[in-house]
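As provided, structure-v7.csv (CSV, C-alpha atoms) reads as follows.
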chain,number,residue,atom,x,y,z
A,1,MET,CA,74.5,125.3,101.6
A,2,GLU,CA,76.3,127.3,98.9
A,3,ALA,CA,78.0,129.4,101.6
A,4,GLU,CA,79.3,126.2,103.2
A,5,PHE,CA,80.8,125.0,99.9
A,6,GLU,CA,82.4,128.4,99.2
A,7,ASN,CA,83.9,128.6,102.7
A,8,LEU,CA,85.3,125.1,102.4
A,9,GLU,CA,86.8,125.8,99.0
A,10,ARG,CA,88.4,129.0,100.3
A,11,ASN,CA,89.8,127.3,103.4
A,12,GLN,CA,91.2,124.4,101.3
A,13,GLY,CA,92.9,126.9,99.0
A,14,GLN,CA,95.1,128.4,101.7
A,15,ALA,CA,98.8,128.2,101.2
A,16,GLU,CA,100.8,125.9,103.4
A,17,PRO,CA,104.1,127.1,105.0
A,18,THR,CA,107.2,125.9,103.2
A,19,PRO,CA,108.6,122.9,105.1
A,20,ASN,CA,112.2,122.7,106.3
A,21,LEU,CA,113.6,119.7,104.3
A,22,LEU,CA,117.0,118.0,104.1
A,23,ASP,CA,118.1,117.8,100.4
A,24,ILE,CA,119.5,114.6,99.0
A,25,VAL,CA,120.6,115.3,95.4
A,26,LEU,CA,120.1,112.7,92.8
A,27,PRO,CA,122.4,112.8,89.7
A,28,ALA,CA,121.4,113.0,86.1
A,29,GLY,CA,121.0,109.6,84.4
A,30,PRO,CA,119.6,106.4,85.7
A,31,VAL,CA,119.3,106.2,89.5
A,32,PRO,CA,118.7,102.7,91.1
A,33,GLY,CA,115.5,102.4,93.1
A,34,PHE,CA,115.7,102.8,96.8
A,35,ASP,CA,114.0,102.6,100.2
A,36,VAL,CA,113.2,105.4,102.7
A,37,GLY,CA,112.8,104.2,106.2
A,38,TRP,CA,111.8,100.7,105.1
A,39,SER,CA,113.8,97.6,105.6
A,40,GLY,CA,113.4,93.9,104.7
A,41,TRP,CA,111.5,92.0,102.1
A,42,THR,CA,112.2,94.3,99.1
A,43,GLY,CA,114.4,91.5,97.7
A,44,SER,CA,117.5,93.6,97.2
A,45,ASN,CA,120.4,95.2,99.1
A,46,ARG,CA,119.6,98.6,97.6
A,47,ALA,CA,120.0,101.9,99.5
A,48,ASN,CA,117.7,102.5,102.5
A,49,TYR,CA,117.7,106.0,103.8
A,50,ASN,CA,117.2,106.4,107.6
A,51,PRO,CA,114.7,109.1,108.6
A,52,GLN,CA,116.8,109.9,111.7
A,53,GLU,CA,119.2,111.6,109.2
A,54,TRP,CA,116.7,114.4,108.9
A,55,LEU,CA,114.3,114.2,111.8
A,56,GLY,CA,117.1,113.8,114.3
A,57,ALA,CA,118.8,116.9,112.9
A,58,GLY,CA,115.6,119.0,113.3
A,59,TYR,CA,114.3,118.8,109.7
A,60,GLU,CA,110.6,118.2,109.0
A,61,GLY,CA,111.5,115.8,106.2
A,62,VAL,CA,113.6,115.1,103.2
A,63,ARG,CA,113.7,116.1,99.5
A,64,PHE,CA,115.1,113.8,96.9
A,65,LEU,CA,116.0,116.4,94.3
A,66,GLY,CA,116.8,115.4,90.7
A,67,SER,CA,118.3,117.4,87.9
A,68,GLY,CA,115.0,117.6,86.0
A,69,ARG,CA,112.4,115.2,84.9
A,70,GLU,CA,114.2,114.8,81.5
A,71,LEU,CA,117.5,114.1,83.2
A,72,SER,CA,117.1,112.1,86.4
A,73,HIS,CA,115.4,108.7,86.0
A,74,VAL,CA,114.8,106.5,89.0
A,75,VAL,CA,114.6,103.0,87.7
A,76,PRO,CA,113.6,99.7,89.2
A,77,GLU,CA,116.5,97.7,88.0
A,78,LEU,CA,120.1,98.2,86.9
A,79,ALA,CA,122.6,95.7,85.7
A,80,GLY,CA,123.8,93.6,88.7
A,81,SER,CA,121.0,94.5,91.0
A,82,ILE,CA,117.9,92.6,92.1
A,83,ALA,CA,114.6,94.3,91.1
A,84,ALA,CA,112.1,95.0,93.8
A,85,ASP,CA,108.4,95.1,93.1
A,86,SER,CA,108.3,98.8,93.7
A,87,THR,CA,110.8,101.4,92.4
A,88,VAL,CA,110.7,103.3,95.7
A,89,PHE,CA,109.4,102.2,99.1
A,90,VAL,CA,108.6,104.8,101.8
A,91,GLY,CA,107.9,103.5,105.4
A,92,ARG,CA,106.2,105.1,108.4
A,93,GLY,CA,107.8,107.7,110.6
A,94,CYS,CA,109.6,109.6,107.9
A,95,GLY,CA,107.9,113.0,108.2
A,96,ILE,CA,107.6,114.7,104.8
A,97,VAL,CA,109.2,112.9,101.9
A,98,ARG,CA,109.4,114.9,98.7
A,99,PHE,CA,110.4,113.7,95.2
A,100,GLU,CA,111.2,116.6,92.9
A,101,ALA,CA,112.5,117.2,89.4
A,102,LEU,CA,112.8,113.6,88.3
A,103,THR,CA,111.1,110.7,86.5
A,104,VAL,CA,110.1,107.5,88.2
A,105,HIS,CA,109.8,104.4,86.1
A,106,CYS,CA,107.5,101.8,87.6
A,107,ALA,CA,108.7,98.4,88.7
A,108,THR,CA,106.7,95.2,88.3
A,109,ARG,CA,104.0,96.2,90.8
A,110,LYS,CA,104.4,99.9,91.6
A,111,GLY,CA,106.3,103.1,91.0
A,112,ILE,CA,106.2,104.5,94.6
A,113,HIS,CA,104.7,102.6,97.6
A,114,VAL,CA,104.1,104.7,100.7
A,115,GLY,CA,103.2,103.5,104.2
A,116,PHE,CA,101.7,100.3,105.6
A,117,GLU,CA,98.2,99.0,106.3
A,118,GLY,CA,97.3,99.6,110.0
A,119,VAL,CA,94.4,100.5,112.3
A,120,GLY,CA,95.9,99.8,115.7
A,121,SER,CA,98.0,102.3,117.7
A,122,PRO,CA,98.2,105.9,116.3
A,123,ILE,CA,100.2,106.0,113.1
A,124,PRO,CA,102.8,108.8,112.8
A,125,PRO,CA,101.8,111.5,110.3
A,126,LEU,CA,103.3,110.9,106.9
A,127,THR,CA,103.3,113.1,103.9
A,128,VAL,CA,104.6,112.3,100.4
A,129,GLU,CA,105.0,115.1,97.9
A,130,LEU,CA,105.5,114.7,94.1
A,131,ILE,CA,106.7,118.0,92.5
A,132,ASP,CA,107.7,118.5,88.9
A,133,LEU,CA,107.7,114.7,88.4
A,134,ASP,CA,106.8,112.1,85.7
A,135,MET,CA,105.5,108.7,86.7
A,136,ILE,CA,105.8,106.3,83.8
A,137,ALA,CA,104.8,102.7,83.0
A,138,ASP,CA,107.2,101.7,80.3
A,139,PRO,CA,106.1,99.4,77.5
A,140,PRO,CA,105.8,95.8,78.6
A,141,ALA,CA,108.0,92.9,77.5
A,142,PRO,CA,106.9,91.0,74.4
A,143,GLY,CA,103.9,88.9,75.0
A,144,ARG,CA,102.7,90.9,78.0
A,145,THR,CA,99.9,93.5,78.1
A,146,HIS,CA,101.2,95.6,81.0
A,147,SER,CA,104.5,96.3,82.7
A,148,THR,CA,103.2,97.4,86.2
A,149,VAL,CA,100.0,97.5,88.3
A,150,TRP,CA,100.0,100.9,90.0
A,151,GLY,CA,101.9,104.2,89.8
A,152,LEU,CA,101.6,105.8,93.3
A,153,PHE,CA,100.2,103.6,96.0
A,154,THR,CA,99.7,104.9,99.5
A,155,TYR,CA,98.5,103.9,103.0
A,156,ASN,CA,97.6,106.4,105.8
A,157,ALA,CA,99.4,109.3,104.1
A,158,ALA,CA,98.9,112.9,103.0
A,159,VAL,CA,99.6,113.1,99.3
A,160,ILE,CA,100.6,116.4,97.6
A,161,CYS,CA,101.1,116.3,93.8
A,162,LYS,CA,102.0,119.5,91.9
A,163,ARG,CA,102.9,119.6,88.2
A,164,VAL,CA,103.0,115.8,87.9
A,165,ARG,CA,102.4,113.8,84.7
A,166,PHE,CA,101.2,110.2,84.9
A,167,ALA,CA,101.8,108.2,81.7
A,168,MET,CA,100.3,104.9,82.9
A,169,GLU,CA,98.8,103.3,79.7
A,170,TYR,CA,100.8,100.1,80.4
A,171,SER,CA,99.6,99.7,84.0
A,172,ALA,CA,97.0,97.1,84.9
A,173,GLU,CA,95.2,99.3,87.5
A,174,HIS,CA,95.2,102.8,88.8
A,175,ALA,CA,97.7,105.7,88.3
A,176,PHE,CA,97.2,106.7,91.9
A,177,TYR,CA,95.5,104.6,94.7
A,178,ALA,CA,95.1,106.0,98.2
A,179,HIS,CA,94.1,103.9,101.2
A,180,GLY,CA,93.3,106.2,104.1
A,181,PHE,CA,94.8,109.6,104.7
A,182,SER,CA,96.8,111.9,107.0
A,183,PRO,CA,95.6,115.5,107.0
A,184,PRO,CA,95.0,117.3,104.7
A,185,GLY,CA,94.3,114.3,102.5
A,186,VAL,CA,95.1,114.3,98.8
A,187,VAL,CA,95.9,117.5,96.9
A,188,TRP,CA,96.5,117.5,93.2
A,189,GLU,CA,97.4,120.7,91.4
A,190,ASN,CA,98.3,120.9,87.7
A,191,VAL,CA,98.4,117.2,87.4
A,192,ILE,CA,98.0,115.5,84.0
A,193,VAL,CA,97.0,111.9,83.7
A,194,GLU,CA,97.7,111.0,80.1
A,195,ALA,CA,96.6,107.4,80.5
A,196,ALA,CA,95.7,104.9,83.2
A,197,GLY,CA,95.2,101.2,83.2
A,198,ALA,CA,92.0,101.4,85.1
A,199,GLU,CA,91.3,104.6,87.1
A,200,CYS,CA,93.3,107.8,87.2
A,201,CYS,CA,92.8,108.8,90.8
A,202,LYS,CA,91.2,106.4,93.4
A,203,ALA,CA,90.6,107.0,97.1
A,204,VAL,CA,89.3,104.6,99.7
A,205,CYS,CA,89.4,104.4,103.5
A,206,ARG,CA,88.5,101.0,104.8
A,207,PRO,CA,88.3,99.7,108.4
A,208,GLY,CA,90.7,96.9,108.8
A,209,GLU,CA,93.4,98.4,106.6
A,210,SER,CA,93.5,102.2,107.3
A,211,LEU,CA,92.6,104.8,109.9
A,212,TRP,CA,90.1,107.7,109.5
A,213,HIS,CA,91.2,111.2,110.3
A,214,PRO,CA,88.9,114.3,110.5
A,215,GLY,CA,89.4,117.2,108.2
A,216,CYS,CA,90.7,115.4,105.1
A,217,SER,CA,89.7,116.0,101.5
A,218,VAL,CA,90.5,114.8,98.1
A,219,ILE,CA,91.2,118.0,96.1
A,220,LEU,CA,91.9,118.4,92.4
A,221,ARG,CA,92.7,121.8,90.9
A,222,HIS,CA,93.7,122.7,87.4
A,223,CYS,CA,94.1,119.0,86.4
A,224,GLU,CA,93.5,117.0,83.3
A,225,LEU,CA,92.4,113.4,83.3
A,226,ARG,CA,91.9,111.3,80.2
A,227,ASN,CA,92.3,107.9,78.5
A,228,TRP,CA,91.5,105.6,81.5
A,229,TYR,CA,90.5,101.9,81.4
A,230,GLN,CA,92.7,100.0,78.9
A,231,PRO,CA,91.5,96.8,77.3
A,232,HIS,CA,94.0,94.8,79.3
A,233,SER,CA,92.9,96.0,82.7
A,234,TRP,CA,91.1,93.6,85.1
A,235,ARG,CA,89.5,96.5,87.1
A,236,GLY,CA,86.7,99.0,86.3
A,237,GLY,CA,87.7,102.3,84.8
A,238,ALA,CA,87.0,105.9,85.7
A,239,GLY,CA,88.7,109.3,86.0
A,240,LEU,CA,88.2,110.2,89.7
A,241,VAL,CA,86.8,107.6,92.2
A,242,ALA,CA,86.0,108.2,95.9
A,243,GLN,CA,84.7,104.8,97.2
A,244,GLY,CA,83.4,105.3,100.7
A,245,ALA,CA,86.4,107.5,101.3
A,246,GLY,CA,85.0,109.4,104.3
A,247,VAL,CA,86.4,112.7,103.1
A,248,ASN,CA,85.3,115.8,101.1
A,249,VAL,CA,85.7,115.6,97.4
A,250,MET,CA,86.6,119.0,95.9
A,251,VAL,CA,87.2,119.3,92.1
A,252,SER,CA,87.7,122.7,90.4
A,253,ASP,CA,89.0,123.9,87.0
A,254,THR,CA,89.6,120.4,85.9
A,255,LEU,CA,89.1,118.7,82.6
A,256,PHE,CA,87.8,115.1,82.2
A,257,VAL,CA,87.9,113.5,78.8
A,258,GLY,CA,86.2,110.1,78.8
A,259,GLY,CA,85.5,107.6,76.1
A,260,ASP,CA,82.6,105.9,74.4
A,261,THR,CA,82.0,102.8,76.5
A,262,PRO,CA,80.3,102.8,80.0
A,263,SER,CA,83.6,102.3,81.8
A,264,ARG,CA,85.5,104.8,79.8
A,265,ALA,CA,82.7,107.4,80.1
A,266,LYS,CA,82.8,107.4,83.9
A,267,CYS,CA,84.5,110.7,84.8
A,268,ILE,CA,83.7,111.2,88.5
A,269,MET,CA,82.4,108.4,90.7
A,270,VAL,CA,81.6,108.9,94.4
A,271,ASP,CA,79.8,106.1,96.2
A,272,SER,CA,79.2,104.4,99.6
A,273,GLU,CA,81.0,101.1,99.5
A,274,PRO,CA,78.7,98.2,100.5
A,275,PHE,CA,79.2,96.0,103.6
A,276,ARG,CA,80.7,92.6,103.0
A,277,GLY,CA,78.7,90.3,105.2
A,278,ASN,CA,78.6,92.2,108.5
A,279,GLN,CA,81.9,94.0,107.9
A,280,PRO,CA,81.7,97.7,107.1
A,281,ARG,CA,83.9,98.9,104.2
A,282,HIS,CA,84.0,102.6,105.0
A,283,TYR,CA,84.1,105.2,107.8
A,284,GLY,CA,81.4,107.8,108.4
A,285,ALA,CA,82.6,111.1,107.1
A,286,LEU,CA,81.4,113.1,110.1
A,287,THR,CA,82.2,110.7,113.0
A,288,GLY,CA,84.8,108.2,111.7
A,289,PHE,CA,82.5,105.4,112.9
A,290,PRO,CA,82.9,102.3,110.8
A,291,GLY,CA,79.9,102.0,108.5
A,292,GLY,CA,78.6,105.4,109.6
A,293,SER,CA,76.6,107.9,107.5
A,294,PRO,CA,77.4,109.7,105.3
A,295,ALA,CA,80.1,107.6,103.5
A,296,ASN,CA,81.6,110.8,102.0
A,297,GLY,CA,81.7,114.4,103.0
A,298,TRP,CA,80.8,117.4,100.7
A,299,VAL,CA,81.2,116.8,97.0
A,300,PHE,CA,81.9,120.0,95.1
A,301,ILE,CA,82.4,120.2,91.3
A,302,ASN,CA,83.1,123.7,90.2
A,303,ARG,CA,84.3,125.2,86.9
A,304,CYS,CA,85.0,121.8,85.3
A,305,GLY,CA,84.8,120.5,81.8
A,306,VAL,CA,83.5,116.9,81.6
A,307,MET,CA,83.0,115.2,78.3
A,308,ALA,CA,82.5,111.6,77.1
A,309,GLY,CA,80.3,109.4,75.0
A,310,PRO,CA,78.2,108.7,73.2
A,311,GLY,CA,76.7,106.4,75.8
A,312,PRO,CA,74.2,103.5,75.6
A,313,SER,CA,70.5,103.7,75.2
A,314,TRP,CA,70.1,103.4,79.0
A,315,TYR,CA,72.1,106.5,79.8
A,316,SER,CA,75.2,105.2,81.7
A,317,PRO,CA,76.7,107.6,84.3
A,318,MET,CA,79.5,110.1,83.6
A,319,ILE,CA,79.2,111.7,87.0
A,320,ARG,CA,77.7,109.6,89.8
A,321,CYS,CA,77.2,110.1,93.5
A,322,ALA,CA,75.1,107.2,94.6
A,323,PRO,CA,75.3,103.9,96.6
A,324,ASN,CA,77.3,101.0,95.4
A,325,GLY,CA,74.9,98.4,96.7
A,326,ASP,CA,73.2,98.5,100.1
A,327,VAL,CA,70.8,101.2,98.9
A,328,GLY,CA,69.3,103.2,101.8
A,329,LEU,CA,71.7,102.0,104.6
A,330,VAL,CA,73.8,105.1,104.6
A,331,ALA,CA,73.9,108.4,102.8
A,332,THR,CA,76.4,108.6,99.9
A,333,ALA,CA,77.5,112.1,100.7
A,334,ARG,CA,76.8,115.0,103.0
A,335,GLY,CA,75.8,117.2,100.1
A,336,VAL,CA,76.6,117.7,96.4
A,337,MET,CA,77.1,120.9,94.4
A,338,ILE,CA,77.8,121.0,90.7
A,339,LYS,CA,78.3,124.6,89.5
A,340,ASP,CA,79.6,126.6,86.5
A,341,SER,CA,80.6,123.5,84.6
A,342,ASN,CA,80.4,122.0,81.1
A,343,VAL,CA,79.1,118.5,81.3
A,344,TYR,CA,78.4,117.1,77.9
A,345,GLY,CA,77.8,113.5,76.7
A,346,ASP,CA,75.2,112.0,74.4
A,347,HIS,CA,73.2,109.4,76.2
A,348,LEU,CA,75.1,109.9,79.5
A,349,ALA,CA,73.8,111.0,82.9
A,350,VAL,CA,74.7,112.8,86.1
A,351,GLN,CA,73.3,110.3,88.6
A,352,LEU,CA,72.6,111.4,92.2
A,353,ALA,CA,71.0,109.3,95.0
A,354,ASN,CA,71.0,109.0,98.8
A,355,ILE,CA,72.3,112.5,99.4
A,356,GLU,CA,72.0,113.4,103.1
A,357,ASN,CA,68.9,115.6,103.7
A,358,GLY,CA,68.5,116.2,100.0
A,359,ARG,CA,71.4,118.7,100.0
A,360,VAL,CA,71.8,119.0,96.2
A,361,VAL,CA,72.5,122.1,94.1
A,362,VAL,CA,73.1,122.1,90.4
A,363,LYS,CA,73.4,125.5,88.9
A,364,ASP,CA,74.9,127.5,86.0
A,365,CYS,CA,76.0,124.5,84.1
A,366,ASN,CA,76.0,124.2,80.3
A,367,THR,CA,74.9,127.8,79.9
A,368,PRO,CA,75.0,129.5,76.5
A,369,GLY,CA,78.4,131.0,77.3
A,370,LEU,CA,79.8,127.6,78.4
A,371,HIS,CA,78.2,126.0,75.4
A,372,SER,CA,80.2,128.3,73.1
A,373,LEU,CA,83.4,127.6,75.1
A,374,ALA,CA,82.7,123.8,74.7
A,375,GLN,CA,82.4,124.3,71.0
A,376,ALA,CA,85.7,126.2,70.9
A,377,LEU,CA,87.4,123.4,72.8
A,378,GLY,CA,86.1,120.7,70.5
A,379,MET,CA,83.9,119.2,73.2
A,380,SER,CA,80.6,117.4,72.5
A,381,THR,CA,77.7,119.8,73.0
A,382,VAL,CA,75.0,117.2,73.6
A,383,GLU,CA,73.9,117.8,77.2
A,384,ALA,CA,74.2,115.1,79.8
A,385,LYS,CA,71.0,114.4,81.7
A,386,LEU,CA,70.4,115.0,85.4
A,387,SER,CA,68.9,112.0,87.2
A,388,TYR,CA,67.8,112.6,90.8
A,389,GLU,CA,64.7,111.9,92.9
A,390,GLY,CA,62.7,110.8,89.9
A,391,LEU,CA,63.7,113.8,87.7
A,392,PHE,CA,65.4,113.2,84.3
A,393,ARG,CA,66.2,116.4,82.5
A,394,ASP,CA,69.0,118.4,80.8
A,395,LEU,CA,71.6,119.4,83.3
A,396,SER,CA,71.3,123.1,82.3
A,397,GLN,CA,67.9,123.1,83.9
A,398,GLY,CA,69.6,122.7,87.3
A,399,TYR,CA,68.3,121.6,90.7
A,400,PRO,CA,66.3,122.4,92.7

Whole structure given in structure tokens:
Amino acid sequence: MEAEFENLERNQGQAEPTPNLLDIVLPAGPVPGFDVGWSGWTGSNRANYNPQEWLGAGYEGVRFLGSGRELSHVVPELAGSIAADSTVFVGRGCGIVRFEALTVHCATRKGIHVGFEGVGSPIPPLTVELIDLDMIADPPAPGRTHSTVWGLFTYNAAVICKRVRFAMEYSAEHAFYAHGFSPPGVVWENVIVEAAGAECCKAVCRPGESLWHPGCSVILRHCELRNWYQPHSWRGGAGLVAQGAGVNVMVSDTLFVGGDTPSRAKCIMVDSEPFRGNQPRHYGALTGFPGGSPANGWVFINRCGVMAGPGPSWYSPMIRCAPNGDVGLVATARGVMIKDSNVYGDHLAVQLANIENGRVVVKDCNTPGLHSLAQALGMSTVEAKLSYEGLFRDLSQGYP
């Protein structure tokens, strides 16, 4: 199994060819929010860019290029305009849409909304890229606890984020919320989430609202996630969540800094979403069959730092790959490997259950060398416990 994980990580790390994009240059200063290939019901007469401008001219997509994240600010409302509930809308059939070297200030609901719900006819591939970008939830108006709900909110899209900062303390829910994917899925590189209303990065793929595509993953590399779940949020909190996402979850060289309550201590949560009545809430990761097993693909956590706590006397989870209800109906994941990682939290646990065919490897975690590194970084050095198949022991003891 280790060879399969290593091959998957190597293949996911391959560089993609540079796309041929049409540049639309945004000036320094405030830039009014706009639409890309989306018309109607935004509540304003703001600019709506037609994808035929670039696709009809032989380009693969478009790049909205600012003057730098400190200089170009895309804002939801200017004097004399009508505020939409998202600062930027992106519709289907746009190819690649890149936002680069700018800051997006979130509107009353979202910063950037991408795609539509849909499970019928084939949906054209759609990719959104955020490069050298800040996503900000500004302080709310007096008397309110939040100024927006989500930062980046997507349907049936590939999402590439590189050198992005999410400052979403004043959001009610998630900094990023993905519903279904286009290949390759979600790729975060050098992304910092300074704060999130509820969860930092959440991925789902539900029959009835999104399509399943083979070969997708949620990938985090060289990221830092912290300060999730604010007191004003009406949703549960966590760093990374894959809720019956039907994809691989690959996390490497990433730091999670949780808190000292059960919701703020949840760093990585992977689960099989339960049925509602007779309606499945996920696709099988191998077949795409609604309600199929396993609910997620491979889960690989490698060279990560995970810290939180202290937790309650009953050892709440800081990493969890287990069913969310409906225990035993489907496997949670195809397999789990946690390797070469610091996972420290007093009275916190790594909880694993319903892993397909018992494919679980935990190795080389919390070693003496990593313990020294954790001390140097100011991390807690009280080991998290491993809870799996009746075992309950220090994570450094590994499995099997």

Review point. In file coordinates, which residues lie within 12 Å of (86.5, 123.8, 74.4) using all atoms listed in the file, given as a PyMOL selection string?
Key: chain A and resi 255-257+304-307+341-344+369-381

**Study point:** Who sits within 7 Å of stretch 100-104 of chain A, all atoms listed in the file, same chain under 6 positions skipped, as a ChimeraX atom specification
**Key:** /A:64-69,71-75,111,130-136

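Atom to atom, atom CA of A:Arg63 and atom CA of A:Pro30 stand 17.9 Å apart.
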
Review point. Within 10 Å of A:Gly118, counting all atoms listed in the file, which residues qualify if same-chain residues fewer than 6 places away don't, as a ChimeraX atom specification?
Key: /A:155-156,180,207-211

Pull C-alpha atoms from the residues just selected and write them as a compact mmCIF listing (two decimals), in the coordinates of the input.
# COMPACT_ATOMS: atom_id res chain seq x y z
CA TYR A 155 98.50 103.90 103.00
CA ASN A 156 97.60 106.40 105.80
CA GLY A 180 93.30 106.20 104.10
CA PRO A 207 88.30 99.70 108.40
CA GLY A 208 90.70 96.90 108.80
CA GLU A 209 93.40 98.40 106.60
CA SER A 210 93.50 102.20 107.30
CA LEU A 211 92.60 104.80 109.90

Point to revise | Neighbour list for stretch 237-247 of chain A as a PyMOL selection string, cut-off 8 Å, all atoms listed in the file, skip fewer than 5 positions in-chain | key: chain A and resi 180+197-206+212+214-218+225-226+228-229+256+258+263-273+281-286+288+294-298+332

**Study point:** Pairwise distance for atom CA of A:Glu129 and atom CA of A:Lys162, rounded to one decimal in Å
**Key:** 8.0 Å

**Study point:** d(atom CA of A:Ala331, atom CA of A:Ser316) in Å
**Key:**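 Between atom CA of A:Ala331 and atom CA of A:Ser316 the gap is 21.4 Å.
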